[in-house]
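S.K.: For reference, the file model14.txt (compact mmCIF, C-alpha atoms and all ligand atoms) is included below:
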# COMPACT_ATOMS: atom_id res chain seq x y z
CA MET W 1 16.97 -18.91 -0.50
CA ALA W 2 13.37 -18.91 0.75
CA THR W 3 13.74 -22.31 2.32
CA THR W 4 16.91 -21.37 4.12
CA SER W 5 15.43 -18.23 5.59
CA SER W 6 12.28 -20.00 6.77
CA GLU W 7 14.43 -22.70 8.29
CA SER W 8 16.48 -20.19 10.17
CA ASP W 9 13.26 -18.49 11.27
CA SER W 10 11.82 -21.64 12.69
CA SER W 11 15.06 -22.57 14.37
CA ARG W 12 15.18 -19.14 15.96
CA LYS W 13 11.61 -19.64 17.17
CA ASN W 14 12.68 -22.91 18.71
CA THR W 15 15.52 -21.35 20.59
CA ASP W 16 13.19 -18.58 21.73
CA ASN W 17 10.81 -21.18 23.11
CA LYS W 18 13.63 -22.99 24.82
CA GLU W 19 14.81 -19.77 26.38
CA ASN W 20 11.35 -19.06 27.70
CA GLU W 21 11.06 -22.54 29.13
CA SER W 22 14.41 -22.33 30.82
CA LYS W 23 13.45 -18.92 32.21
CA ASP W 24 10.32 -20.47 33.71
CA GLU W 25 12.39 -23.25 35.20
CA GLN W 26 14.83 -20.74 36.63
CA ASN W 27 11.98 -18.83 38.24
CA ASN W 28 10.66 -22.04 39.76
CA MET W 29 14.12 -22.80 41.08
CA PHE W 30 13.92 -19.89 43.48
CA GLU W 31 10.47 -20.65 44.80
CA CYS W 32 10.14 -21.26 48.51
CA ASN W 33 9.23 -24.89 49.15
CA ILE W 34 6.62 -23.88 51.70
CA CYS W 35 4.64 -20.91 50.33
CA LEU W 36 5.51 -21.74 46.69
CA ASP W 37 6.17 -18.02 46.06
CA ASN W 38 9.57 -16.47 45.30
CA ALA W 39 11.67 -16.93 48.42
CA LYS W 40 11.88 -13.78 50.58
CA ASP W 41 14.75 -13.53 53.07
CA ALA W 42 15.95 -16.73 51.47
CA VAL W 43 17.71 -19.42 53.43
CA VAL W 44 18.90 -22.83 52.33
CA SER W 45 19.05 -25.95 54.48
CA VAL W 46 22.15 -28.15 54.57
CA CYS W 47 20.23 -30.65 52.43
CA GLY W 48 19.97 -27.91 49.79
CA HIS W 49 16.32 -26.95 50.02
CA LEU W 50 15.29 -23.32 49.65
CA PHE W 51 12.79 -21.48 51.86
CA CYS W 52 11.74 -18.02 52.96
CA TRP W 53 13.10 -17.61 56.44
CA PRO W 54 9.68 -16.67 57.90
CA CYS W 55 8.16 -19.82 56.33
CA LEU W 56 10.89 -22.14 57.60
CA HIS W 57 10.81 -20.50 61.01
CA GLN W 58 7.10 -21.13 61.33
CA TRP W 59 7.58 -24.76 60.29
CA LEU W 60 10.30 -25.24 62.92
CA GLU W 61 8.03 -23.66 65.53
CA THR W 62 5.11 -25.90 64.57
CA ARG W 63 7.25 -29.02 64.79
CA SER W 64 9.62 -28.06 67.56
CA SER W 65 9.99 -31.63 68.80
CA ARG W 66 10.83 -33.11 65.41
CA GLN W 67 12.73 -30.66 63.24
CA VAL W 68 12.99 -32.06 59.73
CA CYS W 69 13.29 -30.57 56.27
CA PRO W 70 9.79 -30.04 54.82
CA VAL W 71 10.98 -31.46 51.49
CA CYS W 72 13.30 -34.39 52.18
CA LYS W 73 12.77 -34.88 55.94
CA ALA W 74 16.50 -34.66 56.69
CA VAL W 75 17.25 -33.37 60.18
CA ILE W 76 17.60 -29.58 60.17
CA SER W 77 17.99 -26.84 62.74
CA LYS W 78 17.87 -23.06 62.92
CA ASP W 79 21.64 -22.82 63.38
CA LYS W 80 22.45 -24.88 60.33
CA VAL W 81 20.51 -23.02 57.67
CA ILE W 82 22.49 -20.73 55.39
CA PRO W 83 21.14 -17.27 54.51
CA ILE W 84 21.45 -16.33 50.83
CA TYR W 85 22.54 -12.83 49.81
CA GLY W 86 22.03 -11.78 46.20
CA ARG W 87 23.89 -8.92 44.53
CA GLY W 88 22.35 -5.48 45.03
CA ASN W 89 21.14 -6.40 48.45
CA THR W 90 22.77 -3.49 50.28
CA LYS W 91 22.07 -4.43 53.86
CA GLN W 92 23.48 -7.90 54.03
CA GLU W 93 21.61 -8.75 57.11
CA ASP W 94 21.22 -12.31 58.33
CA PRO W 95 17.48 -12.96 57.92
CA ARG W 96 17.59 -15.09 61.04
CA ASN W 97 18.24 -11.95 63.09
CA LYS W 98 14.97 -10.43 62.00
CA VAL W 99 11.94 -11.31 64.00
CA PRO W 100 9.73 -13.33 61.67
CA PRO W 101 6.00 -12.68 61.74
CA ARG W 102 4.47 -14.90 64.36
CA PRO W 103 1.36 -17.00 63.94
CA ALA W 104 -1.81 -15.44 65.32
CA GLY W 105 -2.96 -16.36 68.77
CA GLN W 106 0.30 -16.04 70.62
CA ARG W 107 0.35 -13.48 73.37
CA THR W 108 3.27 -12.00 75.24
CA GLU W 109 3.18 -10.83 78.82
CA PRO W 110 3.32 -7.05 79.10
CA ASP W 111 6.72 -5.67 79.90
CA ALA W 112 6.58 -4.71 83.56
CA ASN W 113 9.22 -2.01 83.13
CA THR W 114 7.30 0.18 80.71
CA GLY W 115 4.50 2.48 81.70
CA PHE W 116 4.92 1.62 85.32
CA PRO W 117 4.16 4.59 87.54
CA GLY W 118 6.32 4.99 90.57
CA PHE W 119 9.30 3.38 88.94
CA ASN W 120 11.03 6.72 88.51
CA PHE W 121 10.46 7.64 92.13
CA GLY W 122 12.96 5.11 93.29
CA ASP W 123 14.40 7.39 95.96
CA GLY W 124 13.18 5.66 99.06
CA GLY W 125 12.48 2.04 99.94
CA PHE W 126 9.31 2.80 101.85
CA HIS W 127 7.77 5.07 99.27
CA LEU W 128 8.54 2.61 96.51
CA SER W 129 7.05 -0.48 98.10
CA PHE W 130 3.94 1.46 99.02
CA GLY W 131 3.46 2.62 95.44
CA ILE W 132 3.90 -0.83 94.06
CA GLY W 133 1.75 -2.51 96.65
CA ALA W 134 -1.21 -0.32 95.90
CA PHE W 135 -0.86 -0.52 92.15
CA PRO W 136 -1.84 -4.10 91.25
CA PHE W 137 -5.21 -3.94 92.94
CA GLY W 138 -6.23 -0.74 91.26
CA PHE W 139 -5.05 -2.09 87.95
CA LEU W 140 -6.84 -5.41 88.32
CA THR W 141 -10.12 -3.82 89.32
CA SER W 142 -10.19 -1.50 86.37
CA PHE W 143 -9.07 -4.32 84.10
CA ASN W 144 -11.93 -6.59 85.06
CA PHE W 145 -14.56 -3.94 84.62
CA SER W 146 -13.36 -2.63 81.32
CA ASP W 147 -12.63 -6.02 79.79
CA ARG W 148 -15.96 -7.72 80.35
CA PRO W 149 -19.18 -5.86 79.67
CA HIS W 150 -21.92 -6.19 82.25
CA GLY W 151 -24.60 -8.77 81.62
CA VAL W 152 -22.38 -11.13 79.69
CA PRO W 153 -22.20 -14.46 81.49
CA VAL W 154 -18.66 -15.60 82.12
CA GLY W 155 -17.48 -18.95 83.42
CA GLY W 156 -16.83 -18.15 87.07
CA GLN W 157 -14.02 -20.61 87.49
CA LEU W 158 -12.26 -19.36 84.38
CA GLN W 159 -12.50 -15.74 85.45
CA GLN W 160 -11.13 -16.63 88.85
CA ASP W 161 -8.25 -18.48 87.28
CA ASP W 162 -7.55 -15.51 85.02
CA HIS W 163 -7.69 -13.21 87.95
CA TYR W 164 -5.43 -15.40 90.00
CA LEU W 165 -2.90 -15.76 87.21
CA SER W 166 -2.68 -12.08 86.35
CA LYS W 167 -2.30 -11.31 90.05
CA LEU W 168 0.47 -13.88 90.32
CA PHE W 169 2.33 -12.49 87.31
CA LEU W 170 2.04 -8.97 88.59
CA TRP W 171 3.48 -9.96 91.93
CA ILE W 172 6.35 -11.76 90.25
CA ALA W 173 7.04 -8.60 88.24
CA VAL W 174 6.86 -6.47 91.39
CA ILE W 175 9.26 -8.70 93.26
CA PHE W 176 11.60 -8.63 90.29
CA ILE W 177 11.61 -4.83 90.15
CA VAL W 178 12.20 -4.51 93.86
CA TRP W 179 15.07 -6.93 93.54
CA LEU W 180 16.48 -4.94 90.61
CA LEU W 181 16.33 -1.70 92.54
CA LEU W 182 17.82 -3.10 95.69
CA ALA W 183 20.63 -4.95 93.89
CA MET Z 1 -8.38 -17.57 56.61
CA ASN Z 2 -4.75 -16.80 57.04
CA ASN Z 3 -3.24 -15.40 53.87
CA ILE Z 4 -0.48 -17.95 53.30
CA ALA Z 5 -3.00 -20.83 53.40
CA THR Z 6 -5.23 -19.22 50.76
CA GLN Z 7 -2.30 -18.17 48.57
CA ARG Z 8 -0.89 -21.64 48.66
CA ILE Z 9 -4.15 -23.42 47.88
CA LYS Z 10 -4.58 -21.09 44.88
CA ARG Z 11 -1.12 -22.00 43.60
CA GLU Z 12 -1.69 -25.68 44.23
CA PHE Z 13 -4.94 -25.50 42.37
CA LYS Z 14 -3.09 -24.38 39.27
CA GLU Z 15 -0.52 -27.12 39.81
CA VAL Z 16 -3.19 -29.84 39.84
CA ILE Z 17 -4.93 -28.34 36.81
CA LYS Z 18 -1.64 -28.38 34.87
CA SER Z 19 -0.57 -31.83 36.08
CA GLU Z 20 -0.35 -34.94 33.91
CA GLU Z 21 -2.45 -36.83 36.42
CA LEU Z 22 -5.41 -34.57 35.66
CA ALA Z 23 -4.93 -35.19 31.95
CA LYS Z 24 -4.99 -38.94 32.65
CA CYS Z 25 -8.18 -38.44 34.72
CA SER Z 26 -6.38 -39.92 37.68
CA ILE Z 27 -6.76 -37.09 40.23
CA LYS Z 28 -8.79 -33.90 40.38
CA VAL Z 29 -9.55 -31.09 42.83
CA ASP Z 30 -12.63 -28.84 42.88
CA LEU Z 31 -13.62 -25.91 45.04
CA VAL Z 32 -16.59 -26.21 47.37
CA GLY Z 33 -18.15 -22.75 47.63
CA ASP Z 34 -16.13 -19.55 47.31
CA SER Z 35 -13.58 -20.04 50.06
CA TYR Z 36 -10.43 -22.06 49.70
CA THR Z 37 -11.00 -23.77 53.04
CA GLU Z 38 -13.03 -26.66 51.72
CA LEU Z 39 -12.30 -28.65 48.60
CA LYS Z 40 -13.50 -31.77 46.92
CA GLY Z 41 -10.92 -34.28 45.69
CA GLU Z 42 -11.41 -37.07 43.24
CA ILE Z 43 -9.23 -40.15 42.75
CA ALA Z 44 -9.54 -42.83 40.11
CA GLY Z 45 -9.21 -46.35 41.51
CA PRO Z 46 -5.72 -47.57 40.59
CA PRO Z 47 -5.45 -50.22 37.86
CA ASP Z 48 -5.02 -53.90 38.83
CA THR Z 49 -6.73 -53.35 42.17
CA PRO Z 50 -10.32 -54.07 43.29
CA TYR Z 51 -10.89 -50.30 43.02
CA GLU Z 52 -10.14 -50.13 39.29
CA GLY Z 53 -12.81 -48.32 37.31
CA GLY Z 54 -14.22 -46.56 40.37
CA LYS Z 55 -14.28 -42.82 41.11
CA PHE Z 56 -13.69 -41.92 44.73
CA PHE Z 57 -14.61 -38.53 46.15
CA LEU Z 58 -12.81 -36.96 49.08
CA GLU Z 59 -13.71 -34.21 51.50
CA ILE Z 60 -10.68 -31.94 51.99
CA LYS Z 61 -10.68 -29.35 54.75
CA VAL Z 62 -7.80 -26.88 54.79
CA PRO Z 63 -6.89 -25.66 58.28
CA GLU Z 64 -5.90 -22.04 58.89
CA THR Z 65 -2.42 -23.25 59.75
CA TYR Z 66 -1.94 -24.93 56.37
CA PRO Z 67 0.68 -25.83 55.08
CA PHE Z 68 2.28 -26.10 58.51
CA ASN Z 69 -0.38 -28.62 59.45
CA PRO Z 70 -1.90 -31.22 57.11
CA PRO Z 71 -5.30 -30.90 55.43
CA LYS Z 72 -8.11 -32.99 56.93
CA VAL Z 73 -9.12 -35.59 54.38
CA ARG Z 74 -11.94 -38.13 54.44
CA PHE Z 75 -13.46 -40.47 51.85
CA MET Z 76 -16.98 -39.37 50.92
CA THR Z 77 -17.41 -42.41 48.69
CA LYS Z 78 -17.82 -45.60 50.70
CA ILE Z 79 -14.83 -47.90 50.30
CA TRP Z 80 -13.76 -51.33 51.60
CA HIS Z 81 -10.10 -50.90 52.54
CA PRO Z 82 -8.05 -51.81 55.67
CA ASN Z 83 -6.77 -48.26 56.19
CA ILE Z 84 -10.08 -46.46 55.59
CA SER Z 85 -13.12 -46.70 57.82
CA SER Z 86 -15.96 -48.46 55.98
CA VAL Z 87 -18.41 -46.45 58.11
CA THR Z 88 -17.02 -42.89 58.33
CA GLY Z 89 -14.43 -42.75 55.53
CA ALA Z 90 -11.72 -41.69 58.03
CA ILE Z 91 -8.23 -42.39 56.72
CA CYS Z 92 -5.22 -43.79 58.57
CA LEU Z 93 -2.21 -42.44 56.69
CA ASP Z 94 0.97 -41.18 58.35
CA ILE Z 95 1.44 -38.13 56.08
CA LEU Z 96 -1.99 -36.86 57.13
CA LYS Z 97 -0.79 -37.03 60.73
CA ASP Z 98 2.72 -36.83 62.20
CA GLN Z 99 4.60 -37.46 58.94
CA TRP Z 100 3.15 -34.37 57.27
CA ALA Z 101 5.72 -31.96 55.80
CA ALA Z 102 5.05 -28.38 54.75
CA ALA Z 103 6.34 -28.94 51.21
CA MET Z 104 3.63 -31.53 50.50
CA THR Z 105 0.70 -30.40 48.39
CA LEU Z 106 -2.85 -31.46 47.57
CA ARG Z 107 -1.41 -33.22 44.55
CA THR Z 108 1.04 -35.30 46.61
CA VAL Z 109 -1.71 -36.08 49.14
CA LEU Z 110 -4.06 -37.37 46.46
CA LEU Z 111 -1.27 -39.40 44.84
CA SER Z 112 -0.34 -40.88 48.24
CA LEU Z 113 -3.96 -41.88 48.78
CA GLN Z 114 -4.01 -43.50 45.38
CA ALA Z 115 -0.85 -45.39 46.33
CA LEU Z 116 -2.47 -46.43 49.61
CA MET Z 117 -5.42 -47.86 47.68
CA ALA Z 118 -2.98 -49.94 45.64
CA ALA Z 119 -0.92 -51.08 48.64
CA ALA Z 120 -2.84 -51.42 51.90
CA GLU Z 121 -1.05 -51.59 55.24
CA PRO Z 122 -3.15 -54.08 57.22
CA ASP Z 123 -0.80 -53.94 60.21
CA ASP Z 124 -1.68 -50.30 60.81
CA PRO Z 125 -5.43 -50.48 60.18
CA GLN Z 126 -8.18 -47.92 60.44
CA ASP Z 127 -10.90 -50.54 60.02
CA ALA Z 128 -9.99 -53.64 62.04
CA VAL Z 129 -12.73 -55.79 60.48
CA VAL Z 130 -11.55 -55.08 56.94
CA ALA Z 131 -7.90 -55.58 57.92
CA LYS Z 132 -8.70 -59.00 59.43
CA GLN Z 133 -10.50 -60.09 56.27
CA TYR Z 134 -7.63 -58.73 54.14
CA LYS Z 135 -5.16 -60.92 56.01
CA GLU Z 136 -7.26 -64.05 56.58
CA TYR Z 137 -9.43 -64.23 53.47
CA PRO Z 138 -7.69 -62.22 50.73
CA GLU Z 139 -10.01 -63.57 48.02
CA ILE Z 140 -13.17 -62.58 49.87
CA PHE Z 141 -11.56 -59.20 50.58
CA ALA Z 142 -10.84 -58.60 46.89
CA LYS Z 143 -14.39 -59.57 45.88
CA THR Z 144 -15.93 -57.40 48.58
CA ALA Z 145 -13.77 -54.36 47.74
CA SER Z 146 -14.56 -54.79 44.06
CA TYR Z 147 -18.27 -55.10 44.85
CA TRP Z 148 -18.24 -51.94 46.98
CA THR Z 149 -16.44 -50.17 44.12
CA ASN Z 150 -19.25 -51.25 41.81
CA VAL Z 151 -22.04 -50.16 44.16
CA TYR Z 152 -20.62 -46.88 45.51
CA ALA Z 153 -17.96 -45.73 43.03
CA GLY Z 154 -19.36 -46.83 39.68
CA GLY Z 155 -16.91 -49.68 39.15
CA PRO Z 156 -17.62 -52.31 36.47
CA ASN Z 157 -17.69 -55.55 38.51
CA LYS Z 158 -21.22 -56.62 39.42
CA ASN Z 159 -21.77 -59.53 41.79
CA THR Z 160 -25.19 -61.17 41.56
CA ASP Z 161 -24.43 -63.63 44.35
CA PHE Z 162 -23.78 -60.73 46.79
CA ASP Z 163 -26.79 -58.84 45.40
CA SER Z 164 -29.14 -61.74 46.14
CA LYS Z 165 -27.84 -62.10 49.71
CA ILE Z 166 -28.45 -58.40 50.29
CA GLN Z 167 -31.93 -58.76 48.81
CA ARG Z 168 -32.69 -61.55 51.33
CA LEU Z 169 -31.85 -59.19 54.20
CA LYS Z 170 -33.78 -56.32 52.60
CA ASP Z 171 -36.82 -58.60 52.47
CA MET Z 172 -36.47 -58.91 56.23
CA GLY Z 173 -36.68 -55.11 56.50
CA ILE Z 174 -32.96 -54.29 56.70
CA GLU Z 175 -31.73 -51.18 54.91
CA SER Z 176 -29.36 -52.01 52.03
CA ASP Z 177 -26.20 -50.19 53.26
CA GLN Z 178 -26.61 -51.87 56.63
CA ALA Z 179 -27.14 -55.28 55.01
CA ARG Z 180 -24.07 -54.80 52.81
CA GLY Z 181 -21.98 -53.79 55.82
CA ALA Z 182 -23.06 -56.78 57.90
CA LEU Z 183 -22.55 -59.30 55.11
CA SER Z 184 -19.14 -57.83 54.24
CA THR Z 185 -18.15 -58.00 57.91
CA PHE Z 186 -19.14 -61.67 58.20
CA ASN Z 187 -17.47 -62.73 54.95
CA TRP Z 188 -20.87 -62.99 53.21
CA ASP Z 189 -22.13 -65.63 55.66
CA LEU Z 190 -25.86 -64.86 55.52
CA GLU Z 191 -26.67 -66.72 58.73
CA ARG Z 192 -24.10 -64.92 60.87
CA ALA Z 193 -24.97 -61.55 59.36
CA THR Z 194 -28.67 -62.13 60.11
CA GLU Z 195 -27.86 -63.21 63.64
CA GLN Z 196 -25.83 -60.07 64.28
CA LEU Z 197 -28.46 -57.76 62.74
CA PHE Z 198 -31.30 -59.19 64.83
CA SER Z 199 -29.46 -59.69 68.09
ZN ZN N 1 7.98 -19.03 51.71
ZN ZN N 2 15.83 -31.12 52.47
Just give me the structure as structure tokens.
M.R.:
Amino acid sequence: MATTSSESDSSRKNTDNKENESKDEQNNMFECNICLDNAKDAVVSVCGHLFCWPCLHQWLETRSSRQVCPVCKAVISKDKVIPIYGRGNTKQEDPRNKVPPRPAGQRTEPDANTGFPGFNFGDGGFHLSFGIGAFPFGFLTSFNFSDRPHGVPVGGQLQQDDHYLSKLFLWIAVIFIVWLLLA
Amino acid sequence: MNNIATQRIKREFKEVIKSEELAKCSIKVDLVGDSYTELKGEIAGPPDTPYEGGKFFLEIKVPETYPFNPPKVRFMTKIWHPNISSVTGAICLDILKDQWAAAMTLRTVLLSLQALMAAAEPDDPQDAVVAKQYKEYPEIFAKTASYWTNVYAGGPNKNTDFDSKIQRLKDMGIESDQARGALSTFNWDLERATEQLFS
């Protein structure tokens, strides 16, 4: 009797161990191949490799000229990855529609339509163009003074380029708005 | 450092520590300082190569954009190999450049370097002098690589003939690394090495 029971004990222990191992393996199965963490907003490539969408997105951005699977180097693209929806996920939203967090250091041009004074006074052509024409200079002057403290040496050429570029972008925005209003 | 880079290096660290290769003393990774931006790798010279028995240390720098961009790796231990600079330790390996993929890890990088040591690619060299010797005088190449492994990486194969040639140059006031480099470059022709060093 004693032998039998100890045998069954040890065999149960074995199965317990096996279960634990297979649980570990299962957990690993759902790890993102890029961050090595559990995949968030999971997507799978056509070659079958699992990623977080933000991770894969950043990889595709980094290698925009040569888009290959980070694991097997098969050709992949944003349109051909499949989002994965588990049960209990109430909003079955395509993770590709979310804006993934971008890498640091990218800047976007300010939206010319927001916070633009004079835009609401679009009642007369003359009044409008006057308002817009005066605006960029005032804005640029205050920008340059507030952005760079006095006494800090700045590369003259660089500052001029900056100045020129921001001026150019502002004018493009102005022309665009005028065109919008007139159209 | 960006969070994903640190998180990943921490995970990879565990992976290397658990790996069979570590148990076989074939690869190893250590931290340098507290940050996860700089690491020290170690590769055992692969068997049946001139590097057998040697321990090769690597400088590994992890960029902020890791794993989207490859780590920067360089041999700290001097090595005589067509794809590694005998002067700077710079490595010419495609996966450390344009063939990098975000799913690769420190472990796969170290294993690839070990494979590169076992199978050089002389047609895509980093060190043109070594590559030329590898192709034209394979026996001299093997002896030189084995000798460098002995001197710099603790390998077992001594070479008294090479030692005495280096001693001759040292007697003329040449520093030993420089003498070894010149003699290796000129296929251990003492006359040509001397000529080049004093010209
Ligand atoms: Zn991920
Ligand atoms: Zn794949």
S.K.: Under the rule that only C-alpha atoms are counted, which of W:Gln58, W:Ser77, W:Asn38, W:Ser65 is the nearest residue to chain Z?
M.R.: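 The closest residue to chain Z is W:Gln58.
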S.K.: Give the answer as one residue: which of Z:Pro67, Z:Tyr51, Z:Lys143, Z:Leu197 has the shortest atom-to-atom distance to chain W, using all atoms listed in the file?
M.R.: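 Smallest distance to chain W is found for Z:Pro67.
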S.K.: Report as a PyMOL selection string which protein, DNA and RNA residues come within 10 Å of ligand ZN 1 (chain N), using only C-alpha atoms and all ligand atoms.
M.R.: (chain W and resi 31-43+50-58) or (chain Z and resi 4+8)
S.K.: Name the residues, by chain letter and number, that sit within 6 Å of ligand ZN 2 (chain N) using only C-alpha atoms and all ligand atoms, and give them as a ChimeraX atom specification.
M.R.: /W:47-49,69,71-74
S.K.: Would you give me, as an MDAnalysis selection string, the residues of chain Z that come within 12 Å of chain W, using only C-alpha atoms?
M.R.: chainID Z and resid 1:15 64:70 95 98:105 108
S.K.: Generate a file of the selected residues that holds C-alpha atoms, formatted as a CSV table (one decimal), keeping the file's coordinate frame.
M.R.:
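Writing done, so here's out-v1.csv:
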chain,number,residue,atom,x,y,z
Z,1,MET,CA,-8.4,-17.6,56.6
Z,2,ASN,CA,-4.8,-16.8,57.0
Z,3,ASN,CA,-3.2,-15.4,53.9
Z,4,ILE,CA,-0.5,-18.0,53.3
Z,5,ALA,CA,-3.0,-20.8,53.4
Z,6,THR,CA,-5.2,-19.2,50.8
Z,7,GLN,CA,-2.3,-18.2,48.6
Z,8,ARG,CA,-0.9,-21.6,48.7
Z,9,ILE,CA,-4.2,-23.4,47.9
Z,10,LYS,CA,-4.6,-21.1,44.9
Z,11,ARG,CA,-1.1,-22.0,43.6
Z,12,GLU,CA,-1.7,-25.7,44.2
Z,13,PHE,CA,-4.9,-25.5,42.4
Z,14,LYS,CA,-3.1,-24.4,39.3
Z,15,GLU,CA,-0.5,-27.1,39.8
Z,64,GLU,CA,-5.9,-22.0,58.9
Z,65,THR,CA,-2.4,-23.2,59.8
Z,66,TYR,CA,-1.9,-24.9,56.4
Z,67,PRO,CA,0.7,-25.8,55.1
Z,68,PHE,CA,2.3,-26.1,58.5
Z,69,ASN,CA,-0.4,-28.6,59.4
Z,70,PRO,CA,-1.9,-31.2,57.1
Z,95,ILE,CA,1.4,-38.1,56.1
Z,98,ASP,CA,2.7,-36.8,62.2
Z,99,GLN,CA,4.6,-37.5,58.9
Z,100,TRP,CA,3.2,-34.4,57.3
Z,101,ALA,CA,5.7,-32.0,55.8
Z,102,ALA,CA,5.0,-28.4,54.8
Z,103,ALA,CA,6.3,-28.9,51.2
Z,104,MET,CA,3.6,-31.5,50.5
Z,105,THR,CA,0.7,-30.4,48.4
Z,108,THR,CA,1.0,-35.3,46.6
S.K.: Quick check, in Å to one decimal: how far apart do atom CA of Z:Thr49 and atom CA of Z:Ile166 lie?
M.R.: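 Atom CA of Z:Ile166 lies 23.7 Å from atom CA of Z:Thr49.
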S.K.: Could you work out how far atom CA of Z:Ile174 lies from atom CA of Z:Glu191, giving the answer in Å with one decimal?
M.R.: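 The value is 14.1 Å.
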S.K.: In Å, rounded to a single decimal, give me how far atom CA of Z:Leu22 is from atom CA of Z:Ser35.
M.R.: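 So the two atoms, atom CA of Z:Ser35 and atom CA of Z:Leu22, lie 22.0 Å apart.
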S.K.: So that I can check the surroundings of Z:Ala118, please list as a list of chain:residue names every protein, DNA and RNA residue that reaches within 10 Å of it, counting all atoms listed in the file and ignoring chain neighbours fewer than 6 positions away.
M.R.: Z:Gly45, Z:Pro46, Z:Pro47, Z:Asp48, Z:Thr49, Z:Pro50, Z:Tyr51, Z:Glu52, Z:His81, Z:Ser112
